[in-house]
Each structure stands twice: as C-alpha cells, then as structure tokens.
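protein.cif follows; it contains mmCIF, C-alpha atoms and all ligand atoms.
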```cif
data_coords
#
loop_
_atom_site.group_PDB
_atom_site.id
_atom_site.type_symbol
_atom_site.label_atom_id
_atom_site.label_comp_id
_atom_site.auth_asym_id
_atom_site.auth_seq_id
_atom_site.Cartn_x
_atom_site.Cartn_y
_atom_site.Cartn_z
ATOM 1 C CA MET A 187 19.429 0.248 17.694
ATOM 2 C CA ASN A 188 20.366 -1.370 14.393
ATOM 3 C CA ILE A 189 17.458 -0.122 12.336
ATOM 4 C CA LYS A 190 18.271 2.912 10.179
ATOM 5 C CA ALA A 191 15.235 3.078 7.864
ATOM 6 C CA CYS A 192 11.512 2.388 7.873
ATOM 7 C CA ILE A 193 9.676 1.597 4.650
ATOM 8 C CA PHE A 194 5.904 2.042 4.680
ATOM 9 C CA ASP A 195 3.302 0.446 2.479
ATOM 10 C CA LEU A 196 0.509 2.939 1.734
ATOM 11 C CA ASP A 197 -2.915 1.362 1.392
ATOM 12 C CA GLY A 198 -3.830 -0.356 4.680
ATOM 13 C CA VAL A 199 -0.864 1.065 6.602
ATOM 14 C CA ILE A 200 -0.959 4.862 6.261
ATOM 15 C CA VAL A 201 -4.521 5.261 4.981
ATOM 16 C CA ASP A 202 -7.484 3.009 4.266
ATOM 17 C CA THR A 203 -7.811 3.576 0.537
ATOM 18 C CA ALA A 204 -9.018 -0.028 0.125
ATOM 19 C CA LYS A 205 -12.586 1.203 0.640
ATOM 20 C CA TYR A 206 -12.260 3.540 -2.356
ATOM 21 C CA HIS A 207 -10.645 0.852 -4.515
ATOM 22 C CA TYR A 208 -13.633 -1.292 -3.530
ATOM 23 C CA LEU A 209 -16.207 1.325 -4.559
ATOM 24 C CA ALA A 210 -14.538 1.778 -7.940
ATOM 25 C CA TRP A 211 -14.129 -1.954 -8.653
ATOM 26 C CA LYS A 212 -17.724 -2.598 -7.553
ATOM 27 C CA ARG A 213 -18.918 0.106 -9.949
ATOM 28 C CA LEU A 214 -16.992 -1.541 -12.787
ATOM 29 C CA ALA A 215 -18.393 -4.978 -11.885
ATOM 30 C CA LYS A 216 -21.905 -3.520 -11.855
ATOM 31 C CA GLU A 217 -21.361 -2.114 -15.324
ATOM 32 C CA LEU A 218 -20.249 -5.572 -16.435
ATOM 33 C CA ASN A 219 -23.367 -7.081 -14.801
ATOM 34 C CA PHE A 220 -21.972 -9.005 -11.863
ATOM 35 C CA ASP A 221 -21.674 -8.452 -8.137
ATOM 36 C CA PHE A 222 -18.395 -7.805 -6.346
ATOM 37 C CA THR A 223 -18.467 -8.275 -2.578
ATOM 38 C CA GLU A 224 -16.350 -6.805 0.219
ATOM 39 C CA LYS A 225 -14.987 -10.304 0.844
ATOM 40 C CA ASP A 226 -13.827 -10.484 -2.798
ATOM 41 C CA ASN A 227 -12.136 -7.126 -2.318
ATOM 42 C CA GLU A 228 -9.782 -8.641 0.311
ATOM 43 C CA ARG A 229 -8.104 -10.530 -2.544
ATOM 44 C CA LEU A 230 -7.054 -7.243 -4.172
ATOM 45 C CA LYS A 231 -5.146 -5.755 -1.233
ATOM 46 C CA GLY A 232 -1.535 -5.039 -2.161
ATOM 47 C CA VAL A 233 -2.106 -6.432 -5.664
ATOM 48 C CA SER A 234 -1.266 -4.237 -8.706
ATOM 49 C CA ARG A 235 -4.009 -2.571 -10.765
ATOM 50 C CA MET A 236 -3.869 -4.942 -13.762
ATOM 51 C CA ALA A 237 -3.558 -8.050 -11.561
ATOM 52 C CA SER A 238 -6.568 -6.785 -9.563
ATOM 53 C CA LEU A 239 -8.557 -6.464 -12.788
ATOM 54 C CA ASP A 240 -7.693 -10.059 -13.713
ATOM 55 C CA ILE A 241 -8.995 -11.249 -10.328
ATOM 56 C CA LEU A 242 -12.169 -9.164 -10.726
ATOM 57 C CA LEU A 243 -12.850 -10.533 -14.220
ATOM 58 C CA SER A 244 -12.272 -14.108 -13.056
ATOM 59 C CA ILE A 245 -14.915 -13.559 -10.345
ATOM 60 C CA GLY A 246 -17.320 -12.364 -13.044
ATOM 61 C CA GLY A 247 -16.298 -15.239 -15.340
ATOM 62 C CA LEU A 248 -15.393 -12.774 -18.101
ATOM 63 C CA SER A 249 -12.430 -12.436 -20.427
ATOM 64 C CA PHE A 250 -11.294 -9.479 -22.535
ATOM 65 C CA SER A 251 -8.440 -8.631 -24.883
ATOM 66 C CA GLU A 252 -5.414 -6.775 -23.473
ATOM 67 C CA LYS A 253 -6.576 -3.575 -25.178
ATOM 68 C CA GLU A 254 -10.045 -3.822 -23.636
ATOM 69 C CA LYS A 255 -8.540 -4.602 -20.244
ATOM 70 C CA ILE A 256 -6.422 -1.442 -20.359
ATOM 71 C CA LYS A 257 -9.593 0.572 -21.058
ATOM 72 C CA LEU A 258 -11.440 -1.088 -18.157
ATOM 73 C CA ALA A 259 -8.531 -0.409 -15.787
ATOM 74 C CA GLU A 260 -8.441 3.237 -16.915
ATOM 75 C CA LYS A 261 -12.145 3.571 -16.261
ATOM 76 C CA LYS A 262 -11.802 2.119 -12.755
ATOM 77 C CA ASN A 263 -8.844 4.382 -12.054
ATOM 78 C CA LYS A 264 -10.756 7.489 -13.158
ATOM 79 C CA TRP A 265 -13.476 6.724 -10.602
ATOM 80 C CA TYR A 266 -10.914 5.830 -7.927
ATOM 81 C CA VAL A 267 -9.046 9.112 -8.483
ATOM 82 C CA GLU A 268 -12.349 10.990 -8.147
ATOM 83 C CA TYR A 269 -12.878 9.384 -4.722
ATOM 84 C CA ILE A 270 -9.352 9.917 -3.427
ATOM 85 C CA SER A 271 -9.126 13.498 -4.632
ATOM 86 C CA LYS A 272 -11.370 14.301 -1.647
ATOM 87 C CA LEU A 273 -9.002 12.693 0.896
ATOM 88 C CA ASP A 274 -7.677 14.882 3.687
ATOM 89 C CA LYS A 275 -5.529 14.645 6.839
ATOM 90 C CA ASN A 276 -8.433 13.203 8.855
ATOM 91 C CA GLU A 277 -8.072 9.947 6.953
ATOM 92 C CA ILE A 278 -4.501 9.277 8.067
ATOM 93 C CA LEU A 279 -4.767 6.090 10.161
ATOM 94 C CA PRO A 280 -4.474 6.640 13.948
ATOM 95 C CA GLY A 281 -0.953 7.238 15.277
ATOM 96 C CA VAL A 282 0.772 7.200 11.881
ATOM 97 C CA GLU A 283 1.799 10.856 11.791
ATOM 98 C CA ASP A 284 3.067 10.796 15.413
ATOM 99 C CA PHE A 285 5.180 7.765 14.595
ATOM 100 C CA LEU A 286 6.602 9.400 11.435
ATOM 101 C CA ARG A 287 7.491 12.458 13.533
ATOM 102 C CA LYS A 288 9.304 10.295 16.113
ATOM 103 C CA LEU A 289 11.306 8.595 13.343
ATOM 104 C CA LYS A 290 12.326 11.961 11.879
ATOM 105 C CA GLN A 291 13.337 13.345 15.292
ATOM 106 C CA ASN A 292 15.558 10.312 15.816
ATOM 107 C CA GLY A 293 17.266 10.449 12.422
ATOM 108 C CA ILE A 294 15.650 7.284 11.059
ATOM 109 C CA LYS A 295 15.099 7.449 7.297
ATOM 110 C CA ILE A 296 11.582 7.091 5.915
ATOM 111 C CA ALA A 297 10.505 5.618 2.568
ATOM 112 C CA LEU A 298 7.270 4.687 0.858
ATOM 113 C CA GLY A 299 7.081 1.257 -0.799
ATOM 114 C CA SER A 300 3.684 0.969 -2.459
ATOM 115 C CA ALA A 301 2.176 -0.758 -5.494
ATOM 116 C CA SER A 302 -0.042 2.251 -6.171
ATOM 117 C CA LYS A 303 0.471 4.581 -9.116
ATOM 118 C CA ASN A 304 -1.577 7.207 -7.282
ATOM 119 C CA SER A 305 0.651 7.480 -4.226
ATOM 120 C CA MET A 306 1.728 11.103 -4.836
ATOM 121 C CA LEU A 307 -1.865 12.308 -5.039
ATOM 122 C CA ILE A 308 -2.702 10.440 -1.830
ATOM 123 C CA LEU A 309 0.357 11.612 0.146
ATOM 124 C CA ASN A 310 -0.151 15.186 -1.064
ATOM 125 C CA ASN A 311 -3.783 15.191 0.057
ATOM 126 C CA LEU A 312 -2.777 13.758 3.444
ATOM 127 C CA GLN A 313 0.000 16.399 3.647
ATOM 128 C CA LEU A 314 2.568 13.719 4.487
ATOM 129 C CA VAL A 315 5.071 14.218 1.637
ATOM 130 C CA PRO A 316 7.668 16.149 3.724
ATOM 131 C CA TYR A 317 8.220 13.135 6.010
ATOM 132 C CA PHE A 318 9.480 10.935 3.185
ATOM 133 C CA ASP A 319 13.128 10.733 2.144
ATOM 134 C CA THR A 320 12.131 8.707 -0.905
ATOM 135 C CA ILE A 321 8.888 7.576 -2.499
ATOM 136 C CA ILE A 322 8.905 4.307 -4.446
ATOM 137 C CA ASP A 323 5.578 3.330 -5.986
ATOM 138 C CA GLY A 324 3.941 1.551 -8.897
ATOM 139 C CA ASN A 325 5.336 4.135 -11.329
ATOM 140 C CA LYS A 326 8.925 3.210 -10.482
ATOM 141 C CA VAL A 327 8.841 -0.585 -10.350
ATOM 142 C CA SER A 328 7.833 -3.231 -12.840
ATOM 143 C CA LYS A 329 7.559 -6.275 -10.581
ATOM 144 C CA ALA A 330 4.686 -6.496 -8.122
ATOM 145 C CA LYS A 331 4.947 -7.726 -4.505
ATOM 146 C CA PRO A 332 5.797 -10.503 -3.455
ATOM 147 C CA ASP A 333 8.764 -9.534 -5.632
ATOM 148 C CA PRO A 334 11.104 -7.493 -3.395
ATOM 149 C CA GLU A 335 11.910 -4.890 -6.113
ATOM 150 C CA VAL A 336 9.930 -2.035 -4.518
ATOM 151 C CA PHE A 337 11.642 -2.397 -1.121
ATOM 152 C CA LEU A 338 15.119 -3.021 -2.554
ATOM 153 C CA LEU A 339 14.832 0.144 -4.633
ATOM 154 C CA ALA A 340 13.717 2.115 -1.554
ATOM 155 C CA ALA A 341 16.777 0.884 0.398
ATOM 156 C CA LYS A 342 19.033 1.703 -2.542
ATOM 157 C CA GLU A 343 17.678 5.256 -2.823
ATOM 158 C CA LEU A 344 18.157 5.731 0.923
ATOM 159 C CA ASN A 345 21.629 4.236 0.664
ATOM 160 C CA ILE A 346 20.916 1.904 3.593
ATOM 161 C CA PRO A 347 21.664 -1.846 3.410
ATOM 162 C CA SER A 348 18.592 -4.113 3.568
ATOM 163 C CA GLU A 349 19.419 -5.598 6.965
ATOM 164 C CA TYR A 350 18.982 -2.156 8.581
ATOM 165 C CA CYS A 351 15.505 -1.660 7.081
ATOM 166 C CA VAL A 352 12.076 -2.436 8.521
ATOM 167 C CA VAL A 353 8.977 -2.727 6.336
ATOM 168 C CA PHE A 354 5.452 -1.980 7.630
ATOM 169 C CA GLU A 355 2.898 -3.926 5.590
ATOM 170 C CA ASP A 356 -0.749 -5.009 5.750
ATOM 171 C CA ALA A 357 -0.700 -7.574 2.940
ATOM 172 C CA GLU A 358 0.778 -11.066 2.960
ATOM 173 C CA ALA A 359 2.461 -10.485 -0.419
ATOM 174 C CA GLY A 360 4.150 -7.389 1.042
ATOM 175 C CA ILE A 361 5.473 -9.286 4.069
ATOM 176 C CA GLU A 362 6.821 -11.945 1.721
ATOM 177 C CA ALA A 363 8.494 -9.240 -0.395
ATOM 178 C CA ALA A 364 10.126 -7.716 2.710
ATOM 179 C CA LYS A 365 11.519 -11.083 3.825
ATOM 180 C CA LYS A 366 12.838 -11.761 0.307
ATOM 181 C CA ALA A 367 14.579 -8.371 0.478
ATOM 182 C CA ASN A 368 16.273 -9.536 3.720
ATOM 183 C CA MET A 369 14.467 -6.870 5.755
ATOM 184 C CA LYS A 370 12.553 -7.019 9.021
ATOM 185 C CA ALA A 371 8.786 -7.071 8.487
ATOM 186 C CA ILE A 372 6.158 -5.652 10.823
ATOM 187 C CA GLY A 373 2.623 -6.689 9.952
ATOM 188 C CA VAL A 374 -0.151 -4.155 10.465
ATOM 189 C CA GLY A 375 -3.429 -5.949 11.095
ATOM 190 C CA SER A 376 -4.501 -9.519 11.546
ATOM 191 C CA LYS A 377 -2.232 -12.267 12.948
ATOM 192 C CA ASP A 378 -3.785 -14.833 10.606
ATOM 193 C CA ILE A 379 -2.918 -13.016 7.393
ATOM 194 C CA LEU A 380 0.502 -11.849 8.462
ATOM 195 C CA LYS A 381 1.964 -15.081 9.862
ATOM 196 C CA LYS A 382 5.376 -14.585 8.277
ATOM 197 C CA SER A 383 6.071 -11.163 9.794
ATOM 198 C CA ASP A 384 8.667 -10.640 12.555
ATOM 199 C CA LYS A 385 6.220 -8.609 14.645
ATOM 200 C CA ILE A 386 2.543 -7.633 14.407
ATOM 201 C CA ILE A 387 0.851 -4.410 15.468
ATOM 202 C CA ASP A 388 -2.880 -3.591 15.445
ATOM 203 C CA CYS A 389 -2.234 0.037 14.541
ATOM 204 C CA PHE A 390 0.302 2.848 15.130
ATOM 205 C CA LYS A 391 -1.540 4.460 18.028
ATOM 206 C CA GLY A 392 0.908 5.033 20.906
ATOM 207 C CA LEU A 393 3.672 3.121 19.123
ATOM 208 C CA GLU A 394 7.179 3.810 20.451
ATOM 209 C CA LEU A 395 10.536 3.427 18.738
ATOM 210 C CA ASN A 396 11.347 0.289 20.745
ATOM 211 C CA ILE A 397 9.171 -1.550 18.196
ATOM 212 C CA LEU A 398 12.287 -1.290 16.000
ATOM 213 C CA GLU A 399 14.375 -3.413 18.399
ATOM 214 C CA PHE A 400 14.786 -6.976 17.159
HETATM 215 P P1 LIG B 501 -3.357 1.923 -8.095
HETATM 216 P P2 LIG B 501 -0.346 -0.630 -1.492
HETATM 217 C C1 LIG B 501 -2.042 -1.146 -3.494
HETATM 218 O O1 LIG B 501 -1.490 -0.252 -2.564
HETATM 219 C C2 LIG B 501 -3.469 -1.500 -3.105
HETATM 220 O O2 LIG B 501 -3.478 -2.231 -1.892
HETATM 221 C C3 LIG B 501 -4.095 -2.339 -4.191
HETATM 222 O O3 LIG B 501 -5.425 -2.651 -3.851
HETATM 223 C C4 LIG B 501 -4.051 -1.554 -5.506
HETATM 224 O O4 LIG B 501 -4.592 -2.314 -6.571
HETATM 225 C C5 LIG B 501 -2.592 -1.187 -5.824
HETATM 226 O O5 LIG B 501 -2.060 -0.440 -4.747
HETATM 227 C C6 LIG B 501 -2.465 -0.366 -7.105
HETATM 228 O O6 LIG B 501 -3.067 0.868 -6.908
HETATM 229 O O7 LIG B 501 -4.489 1.407 -8.888
HETATM 230 O O8 LIG B 501 -3.640 3.206 -7.336
HETATM 231 O O9 LIG B 501 -2.075 2.032 -8.896
HETATM 232 O O10 LIG B 501 -1.013 -1.473 -0.455
HETATM 233 O O11 LIG B 501 0.798 -1.338 -2.205
HETATM 234 O O12 LIG B 501 0.050 0.727 -0.980
HETATM 235 MG MG MG B 502 -1.200 -2.368 1.562
#
```
Show how you would write the structure in this file as structure tokens.
Amino acid sequence: MNIKACIFDLDGVIVDTAKYHYLAWKRLAKELNFDFTEKDNERLKGVSRMASLDILLSIGGLSFSEKEKIKLAEKKNKWYVEYISKLDKNEILPGVEDFLRKLKQNGIKIALGSASKNSMLILNNLQLVPYFDTIIDGNKVSKAKPDPEVFLLAAKELNIPSEYCVVFEDAEAGIEAAKKANMKAIGVGSKDILKKSDKIIDCFKGLELNILEF
C-alpha cells in the first residue's frame, strides 16, 4: 500500500459538532432578531468562524464593523464552548475509533486537519488525543479551506510527502483543499456534495484498511 498517512477533518468526520455550532449561531441570530434555519447551517460546514459569521449576517441582512463582528463571534464561541464542554466518548461517530486503532496497529500516521480553534477541547473530551501524531487546526493556519494550507502543514509535520496522504472530509471546500494539496480525498457523506472526491463512504462503521488502496 502506498498510503502512509491519514488526515482527518473533525466536524462531520470524527464527531457531529455541527449541531452545536447550529445551536450557538441560531441563538446569536435570535438575539439579532432574525431566524436561522438548519438548511442555512449547511452553508457553514467547514467554513471558518469569521467567514461563518459573515454568512450568518448576510442571511439576516445586517452589517457590523470589524470590532463589533469580533465581539459577536466571541459571544457565539462562548455558547458553543459551553455546549461542547459536555461532549463525551459516546459522541464519536460510529466506527471512527476502530478505524483509528487499525491505522495505528498498521503503522499509518494520523493527523487532524480542521478549521476549528476548539479542536483540542473536542479531542480531549472524546479521549482521542493519543491517536494523533499531529494536530493542525484553526490556531495554526491562516488560510481557510479550500486553501490546502491545513493539509500541507499536517503532511509536513508528519514528514510524509503529499502523494502518500489521504484526507477524510465531509465538506466540499475540504475535498477541494485536499486535491489542491495533491492528496487523495475520501468524502464522508453525500455523493452530491462530495463529487470531486476519489472515494465516498457513508461512515466509518466496519471500514477496513483496503479503503486506502487507490
Ligand atoms: P471554531 P472542521 C469547522 O470544523 C466547522 O465545520 C465549521 O462549521 C466551523 O465554523 C469551523 O470549524 C471553525 O470552528 O469556531 O470552533 O473555530 O469541519 O474543519 O473540523
Ligand atoms: Mg468538516
């Protein structure tokens, strides 16, 4: 097998934190007197915090100064952190931990490649930190997906060339970032959203290492 490293997105791949992002954004929208639907929330998946706020405010038809926007994002994050501080192992998506274990047993390196600035809190609560050889998240990169920076940095830290890396992603922008990084991309979720991926899986349940054969 050629693949030497797997890079995992967090939200939508390892855990469904999107529902907590949704609750916090909805609460902010309510405070600003407009409604924010679950369908709207789809547009925020994989998108950075400040870019998500811009999308939210455009839905509400509102504009704020940069300073005010930073305050609004902080407020949303405070609520979000409250929700995710209650996360535990039961919220790891089905099959994920078994798959991580198989990778470790077979000497395949494991990295996180997420836009979230809260990834350490989440991975700690899920008790998954020991599986990861490196954790690259929104605190370490400046360019958001579809820019490949997050995945390129993960490969660099692992000291593995891009062509030996596979990225698991649930968002179109993440798949695009993986392809720009010259990596294989496995989409987790819907065929329609993840058209550009090399392979698609519904979830990790029962997944074997032959998924890494291309
Ligand atoms: P935070 P991922 C992304 O995580 C989420 O999908 C996206 O909805 C969120 O806005 C972004 O992280 C930033 O998260 O506010 O915690 O820094 O899919 O890249 O793991
Ligand atoms: Mg994601």
Which protein, DNA or RNA residues have an atom within 6 Å of ligand LIG 501 (chain B), counting all atoms listed in the file, as a PDB file with C-alpha atoms, in the coordinates of the input?
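Ended up saving to out21.pdb:
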```pdb
ATOM      1  CA  ASP A 195       3.302   0.446   2.479  1.00  0.00           C
ATOM      2  CA  LEU A 196       0.509   2.939   1.734  1.00  0.00           C
ATOM      3  CA  ASP A 197      -2.915   1.362   1.392  1.00  0.00           C
ATOM      4  CA  GLY A 198      -3.830  -0.356   4.680  1.00  0.00           C
ATOM      5  CA  ALA A 204      -9.018  -0.028   0.125  1.00  0.00           C
ATOM      6  CA  LEU A 230      -7.054  -7.243  -4.172  1.00  0.00           C
ATOM      7  CA  LYS A 231      -5.146  -5.755  -1.233  1.00  0.00           C
ATOM      8  CA  GLY A 232      -1.535  -5.039  -2.161  1.00  0.00           C
ATOM      9  CA  VAL A 233      -2.106  -6.432  -5.664  1.00  0.00           C
ATOM     10  CA  SER A 234      -1.266  -4.237  -8.706  1.00  0.00           C
ATOM     11  CA  ARG A 235      -4.009  -2.571 -10.765  1.00  0.00           C
ATOM     12  CA  SER A 238      -6.568  -6.785  -9.563  1.00  0.00           C
ATOM     13  CA  SER A 300       3.684   0.969  -2.459  1.00  0.00           C
ATOM     14  CA  ALA A 301       2.176  -0.758  -5.494  1.00  0.00           C
ATOM     15  CA  SER A 302      -0.042   2.251  -6.171  1.00  0.00           C
ATOM     16  CA  LYS A 303       0.471   4.581  -9.116  1.00  0.00           C
ATOM     17  CA  ASN A 304      -1.577   7.207  -7.282  1.00  0.00           C
TER      18      ASN A 304
END
```
Check: Of the candidates A:Lys331, A:Ile379, A:Ala297, A:Val199, which one gets nearest to Glu343 in chain A if we count all atoms listed in the file?
Finding: A:Ala297
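Here CA of Gly360 in chain A is placed at a distance of 13.8 Å from CA of Ile322 in chain A.
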Note to self: Show me the residues close to (10.2, -1.4, 9.7) - anything with an atom within 6 Å, counting all atoms listed in the file - and format the list as a ChimeraX atom specification.
What the structure shows: /A:192-193,351-354,371-372
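Distances to ligand MG 502 (chain B) were evaluated for A:Cys389, A:Ile321, A:Ile361, A:Ile241 using all atoms listed in the file, and the minimum falls at A:Ile361.
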Next item on the list: Pull out every residue that the PyMOL selection byres (((chain A and resi 271) around 8) and not hetatm) matches in the shown coordinates and put them as an MDAnalysis selection string.
Entry: chainID A and resid 267:270 272:273 307:308 311
With 4 Å added on each side, what axis-aligned box encloses every listed atom of range 234-244 of chain A? Give the centre and edge lengths in Å to one decimal, as AutoDock Vina command-line options.
```
--center_x -7.1 --center_y -8.3 --center_z -11.5 --size_x 19.6 --size_y 19.5 --size_z 13.5
```
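Matched in the shown structure by the PyMOL selection byres (((chain A and resi 345) around 12) and not hetatm): Lys190, Ala191, Lys295, Ile296, Ala297, Asp319, Thr320, Leu338, Leu339, Ala340, Ala341, Lys342, Glu343, Leu344, Ile346, Pro347, Ser348, Glu349, Tyr350 and Cys351 of chain A.
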Selection file, C-alpha atoms, as a compact mmCIF listing (two decimals), keeping the file's coordinate frame:
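Written output follows (part23.txt):
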```txt
# COMPACT_ATOMS: atom_id res chain seq x y z
CA LYS A 190 18.27 2.91 10.18
CA ALA A 191 15.24 3.08 7.86
CA LYS A 295 15.10 7.45 7.30
CA ILE A 296 11.58 7.09 5.92
CA ALA A 297 10.50 5.62 2.57
CA ASP A 319 13.13 10.73 2.14
CA THR A 320 12.13 8.71 -0.90
CA LEU A 338 15.12 -3.02 -2.55
CA LEU A 339 14.83 0.14 -4.63
CA ALA A 340 13.72 2.12 -1.55
CA ALA A 341 16.78 0.88 0.40
CA LYS A 342 19.03 1.70 -2.54
CA GLU A 343 17.68 5.26 -2.82
CA LEU A 344 18.16 5.73 0.92
CA ILE A 346 20.92 1.90 3.59
CA PRO A 347 21.66 -1.85 3.41
CA SER A 348 18.59 -4.11 3.57
CA GLU A 349 19.42 -5.60 6.96
CA TYR A 350 18.98 -2.16 8.58
CA CYS A 351 15.50 -1.66 7.08
```
Next item on the list: Could you expand the PyMOL selection byres (((chain A and resi 276) around 12) and not hetatm) into the explicit residues it covers here, written as a PyMOL selection string?
Entry: chain A and resi 200-202+272-275+277-283+311-314
Checklist line | Atom pair CA of Trp211 in chain A / CA of Glu335 in chain A: separation (Å) | finding: 26.3 Å
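Across the structure, CA of Gly375 in chain A and CA of Leu242 in chain A are spaced 23.7 Å apart.
Using all atoms listed in the file for every distance, the candidate list A:Tyr208, A:Gly373, A:Val315, A:Leu239 yields A:Leu239 as the residue closest to Lys257 in chain A.
Distance annotation: of A:Asn396, A:Asn188, A:Ser328, A:Thr203, the residue with the minimal separation from ligand MG 502 (chain B) is A:Thr203; atom set is only C-alpha atoms and all ligand atoms.
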Next item on the list: May I ask which of the residues A:Ala210, A:Lys385, A:Asp333, A:Tyr266 is the closest one to Glu399 in chain A, counting all atoms listed in the file?
Entry: A:Lys385
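For the set A:Ala367, A:Leu380, A:Leu393, A:Ala357, the residue with the smallest atom-to-atom gap to ligand MG 502 (chain B) is A:Ala357, counting all atoms listed in the file.
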Next item on the list: Find the residues with any atom within 12 Å of (-17.0, -10.9, -1.6); use all atoms listed in the file and the coordinates as given in the file, and write the answer as a ChimeraX atom specification.
Entry: /A:208,211-212,215,220-230,241-242,245-246
